[in-house]
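**Q** This is work36.txt (compact mmCIF, C-alpha atoms).
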```txt
# COMPACT_ATOMS: atom_id res chain seq x y z
CA MET C 1 7.77 58.60 16.00
CA ARG C 2 7.98 56.09 18.81
CA LYS C 3 4.36 54.95 18.18
CA PHE C 4 5.14 54.47 14.52
CA ILE C 5 8.14 52.25 15.31
CA LEU C 6 6.09 50.21 17.79
CA LEU C 7 3.35 49.80 15.17
CA VAL C 8 5.85 48.59 12.58
CA ILE C 9 7.37 46.15 15.07
CA ALA C 10 3.91 44.87 16.01
CA LEU C 11 2.92 44.35 12.35
CA LEU C 12 6.21 42.83 11.25
CA PRO C 13 5.41 39.24 12.32
CA PHE C 14 2.20 39.31 10.27
CA VAL C 15 3.71 40.53 7.01
CA SER C 16 6.99 38.66 7.10
CA CYS C 17 5.46 35.19 7.32
CA GLN C 18 5.10 33.17 4.19
CA GLU C 19 3.89 29.62 4.02
CA ASP C 20 5.13 27.52 1.14
CA VAL C 21 2.99 24.40 1.01
CA LYS C 22 4.02 21.66 -1.36
CA PHE C 23 1.71 18.71 -1.86
CA ASN C 24 3.07 15.31 -2.73
CA ASN C 25 -0.05 14.01 -4.41
CA PRO C 26 0.25 11.53 -6.10
CA SER C 27 3.23 9.97 -4.40
CA PHE C 28 5.32 6.81 -4.69
CA GLN C 29 8.26 6.54 -2.29
CA GLY C 30 10.15 4.28 0.06
CA LEU C 31 13.56 3.26 1.35
CA ARG C 32 15.64 1.52 -1.33
CA ASP C 33 18.50 -0.27 0.40
CA ASN C 34 17.99 2.09 3.39
CA VAL C 35 18.21 5.28 1.27
CA PHE C 36 15.14 7.46 0.64
CA TRP C 37 13.78 6.99 -2.90
CA ARG C 38 10.92 8.91 -4.56
CA ALA C 39 9.44 8.51 -8.02
CA VAL C 40 8.90 11.63 -10.13
CA ASP C 41 5.87 10.06 -11.86
CA ALA C 42 3.59 7.10 -11.19
CA ARG C 43 0.64 5.63 -13.09
CA ALA C 44 -1.61 2.62 -12.80
CA THR C 45 -3.66 0.59 -15.25
CA ILE C 46 -6.24 -2.15 -14.90
CA ALA C 47 -6.25 -4.92 -17.51
CA SER C 48 -9.46 -6.34 -18.93
CA GLY C 49 -9.20 -9.30 -16.53
CA GLY C 50 -8.96 -6.97 -13.51
CA ALA C 51 -5.21 -7.23 -12.86
CA LEU C 52 -3.60 -4.02 -11.60
CA THR C 53 -0.24 -2.68 -12.79
CA ILE C 54 1.46 0.30 -11.12
CA LYS C 55 4.57 1.86 -12.67
CA ALA C 56 6.74 4.44 -10.92
CA TYR C 57 9.46 6.34 -12.76
CA THR C 58 12.60 8.37 -12.15
CA ALA C 59 15.03 9.54 -14.83
CA ASN C 60 16.64 6.10 -15.18
CA GLU C 61 14.60 3.74 -12.97
CA VAL C 62 11.24 2.00 -13.30
CA VAL C 63 9.47 0.11 -10.52
CA THR C 64 6.57 -2.07 -11.69
CA PHE C 65 3.97 -3.70 -9.43
CA ASN C 66 1.64 -6.39 -10.75
CA THR C 67 -1.27 -7.65 -8.67
CA SER C 68 -3.96 -10.12 -9.64
CA ALA C 69 -6.73 -7.61 -8.81
CA ALA C 70 -7.36 -4.02 -7.77
CA LYS C 71 -9.05 -5.01 -4.52
CA VAL C 72 -8.27 -3.72 -1.03
CA GLN C 73 -6.16 -6.57 0.32
CA THR C 74 -2.59 -7.80 0.86
CA TYR C 75 -0.77 -9.38 -2.08
CA VAL C 76 2.11 -11.67 -1.06
CA LEU C 77 5.18 -11.57 -3.31
CA GLY C 78 7.43 -14.49 -4.19
CA THR C 79 4.62 -17.03 -4.45
CA SER C 80 3.27 -16.45 -7.97
CA ALA C 81 3.93 -14.60 -11.21
CA SER C 82 0.59 -12.75 -11.02
CA ASN C 83 1.68 -10.87 -7.86
CA ALA C 84 5.17 -9.62 -8.61
CA VAL C 85 7.50 -6.62 -8.56
CA SER C 86 10.30 -5.58 -10.89
CA TYR C 87 12.87 -2.79 -10.66
CA VAL C 88 14.94 -1.79 -13.70
CA LEU C 89 17.91 0.58 -13.52
CA THR C 90 19.22 1.76 -16.89
CA ASN C 91 22.46 3.74 -17.23
CA ALA C 92 25.41 4.11 -19.60
CA GLU C 93 26.75 0.67 -18.67
CA GLY C 94 23.46 -1.09 -19.49
CA SER C 95 20.53 -2.18 -17.38
CA ILE C 96 20.11 -4.13 -14.17
CA THR C 97 16.82 -5.88 -13.42
CA TYR C 98 15.62 -7.02 -10.02
CA ALA C 99 12.39 -8.98 -9.67
CA THR C 100 10.21 -11.19 -7.52
CA GLY C 101 8.30 -14.13 -8.93
CA SER C 102 7.18 -17.65 -8.29
CA GLY C 103 9.71 -19.07 -5.84
CA PHE C 104 12.11 -16.11 -5.61
CA GLY C 105 12.02 -12.80 -3.78
CA ASP C 106 9.55 -11.92 -1.05
CA GLY C 107 7.49 -9.09 0.36
CA GLN C 108 4.01 -7.68 0.04
CA ILE C 109 1.90 -5.05 -1.67
CA VAL C 110 -1.00 -3.80 0.46
CA ILE C 111 -3.76 -1.92 -1.32
CA THR C 112 -5.48 0.16 1.35
CA GLU C 113 -7.76 2.17 -0.93
CA TYR C 114 -9.08 1.78 -4.44
CA ASP C 115 -11.27 4.75 -5.39
CA ALA C 116 -13.30 3.68 -8.44
CA VAL C 117 -15.01 7.10 -8.67
CA ASN C 118 -11.85 9.25 -8.75
CA LYS C 119 -9.81 6.39 -10.27
CA THR C 120 -6.93 6.35 -7.78
CA VAL C 121 -5.16 3.65 -5.78
CA SER C 122 -3.24 3.92 -2.50
CA GLY C 123 -1.32 1.51 -0.31
CA SER C 124 2.03 0.37 1.03
CA PHE C 125 4.76 -2.07 0.06
CA ARG C 126 7.98 -3.79 0.98
CA PHE C 127 10.00 -6.34 -0.94
CA ASN C 128 13.31 -8.12 -1.51
CA ALA C 129 13.99 -8.69 -5.21
CA LYS C 130 16.62 -10.86 -6.87
CA ASN C 131 19.07 -9.64 -9.53
CA THR C 132 17.60 -11.48 -12.53
CA SER C 133 19.85 -9.86 -15.15
CA ASN C 134 23.03 -11.38 -13.63
CA ASN C 135 24.71 -8.02 -14.17
CA PRO C 136 27.83 -7.92 -11.95
CA LEU C 137 27.48 -4.14 -11.52
CA GLY C 138 24.42 -4.70 -9.34
CA GLY C 139 24.24 -6.52 -6.05
CA PRO C 140 22.57 -9.93 -5.73
CA SER C 141 19.39 -8.41 -4.28
CA LEU C 142 17.49 -5.17 -3.83
CA ASN C 143 15.47 -4.20 -0.76
CA PHE C 144 12.59 -1.72 -0.57
CA GLN C 145 10.96 -1.03 2.78
CA GLN C 146 8.54 1.47 4.32
CA GLY C 147 7.15 2.09 0.84
CA ILE C 148 3.92 3.94 0.16
CA PHE C 149 1.96 4.86 -2.90
CA TYR C 150 -0.76 7.46 -2.53
CA LYS C 151 -3.52 8.51 -4.92
CA ILE C 152 -1.84 7.02 -8.01
CA PRO C 153 -4.09 7.76 -11.00
CA VAL C 154 -5.61 4.69 -12.65
CA ASN C 155 -6.21 4.83 -16.42
```
Show this structure as structure tokens.

**A**
Amino acid sequence: MRKFILLVIALLPFVSCQEDVKFNNPSFQGLRDNVFWRAVDARATIASGGALTIKAYTANEVVTFNTSAAKVQTYVLGTSASNAVSYVLTNAEGSITYATGSGFGDGQIVITEYDAVNKTVSGSFRFNAKNTSNNPLGGPSLNFQQGIFYKIPVN
């Protein structure tokens, strides 16, 4: 009986372990005003002229990135309308829009990988966007930092 108990004790670590692996692929996340934020869905499209648009969604938020191309490089925000970010929050009180554009807002979108074969795009971002809807329920600006997007499918 003692050997049986020792055998059960010896086997217990091997049968009681379970590994729950959850992949976050694709992923779009960052710190929005110093609070962790993650999109539940993200998609990208390339226009006929080569401009890239990435949209990330939650239940009531949409973050949209526009870059002039889908090339691996850094796109500076706040200097042109072709490289811009917008964030729209919609709730029962209405919607609040934050954006960067030519002469307002700042930041950058860095595309670190564009996989033309598997049609995915990856990179990082950070930005300060201005409240363009003048909605008093939102603050004057919105900050995203330490943002990443990984393997976003491109249609």

**Q** Compare C:Asn134, C:Gln145, C:Asn34, C:Asn155 by their minimum atom-to-atom distance to Thr120 (chain C), counting all atoms listed in the file, and give me the closest one.

**A**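 Closest to Thr120 (chain C) of all the choices is C:Asn155.
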
**Q** Which residue is closest to Gly139 (chain C)? Choose from C:Thr79, C:Asn60, C:Thr53, C:Asp33 and count only C-alpha atoms.

**A**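 Residue with the minimum atom-to-atom distance to Gly139 (chain C): C:Asp33.
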
**Q** Between C:Ser95, C:Thr45, C:Ser141, C:Thr67, single out the one closest to Val154 (chain C), counting all atoms listed in the file.

**A** C:Thr45

**Q** In Å to one decimal, how far is CA of Ile109 (chain C) from CA of Tyr87 (chain C)?

**A**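 Computed distance, CA of Tyr87 (chain C) to CA of Ile109 (chain C), equals 14.4 Å.
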
**Q** I need every residue sitting at most 9 Å from the point (0.5, -8.6, 1.7) (coordinates as in the file, all atoms listed in the file considered), written as a PyMOL selection string.

**A** chain C and resi 73-77+107-111+125-126

**Q** Which residue gives the smallest distance to Tyr114 (chain C) among C:Val40, C:Leu52, C:Met1, C:Val72, with only C-alpha atoms counted?

**A** C:Val72

**Q** Each side padded by 8 Å, which centre and which edge lengths in Å (one decimal) define the axis-aligned box around the listed atoms of region 35-38 of chain C? Give them as JSON.

**A**
```
{"center_x": 14.6, "center_y": 7.1, "center_z": -1.6, "size_x": 23.3, "size_y": 19.6, "size_z": 21.8}
```

**Q** C:Ser133, C:Asn83, C:Asn143, C:Ser68: which is nearest Gly30 (chain C), counting only C-alpha atoms?

**A**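 Of C:Ser133, C:Asn83, C:Asn143, C:Ser68, the one nearest Gly30 (chain C) is C:Asn143, counting only C-alpha atoms.
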
**Q** One number please: CA of Phe65 (chain C) to CA of Ala84 (chain C), in Å, one decimal.

**A** 6.1 Å

**Q** Please provide as a list in words all residues within 12 Å of Asp115 (chain C), with the sequence filter that same-chain residues fewer than 4 positions apart are discarded (counting all atoms listed in the file).

**A** Ala70, Lys71, Val72, Ile111, Lys119, Thr120, Val121, Ser122, Gly123, Tyr150, Lys151, Ile152, Pro153 and Val154 of chain C

**Q** Using all atoms listed in the file, what residues lie at most 12 Å away from (3.3, 13.1, -6.4) (file coordinates), given as a ChimeraX atom specification?

**A** /C:22-29,38-43,56-58,122,148-153

**Q** With distances taken over all atoms listed in the file, which residue among C:Thr90, C:Gly49, C:Ile96, C:Glu61 lies nearest Trp37 (chain C)?

**A**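 Closest residue, counting all atoms listed in the file: C:Glu61.
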
**Q** Could you work out how far CA of Ala47 (chain C) lies from CA of Leu89 (chain C), giving the answer in Å with one decimal?

**A** 25.1 Å
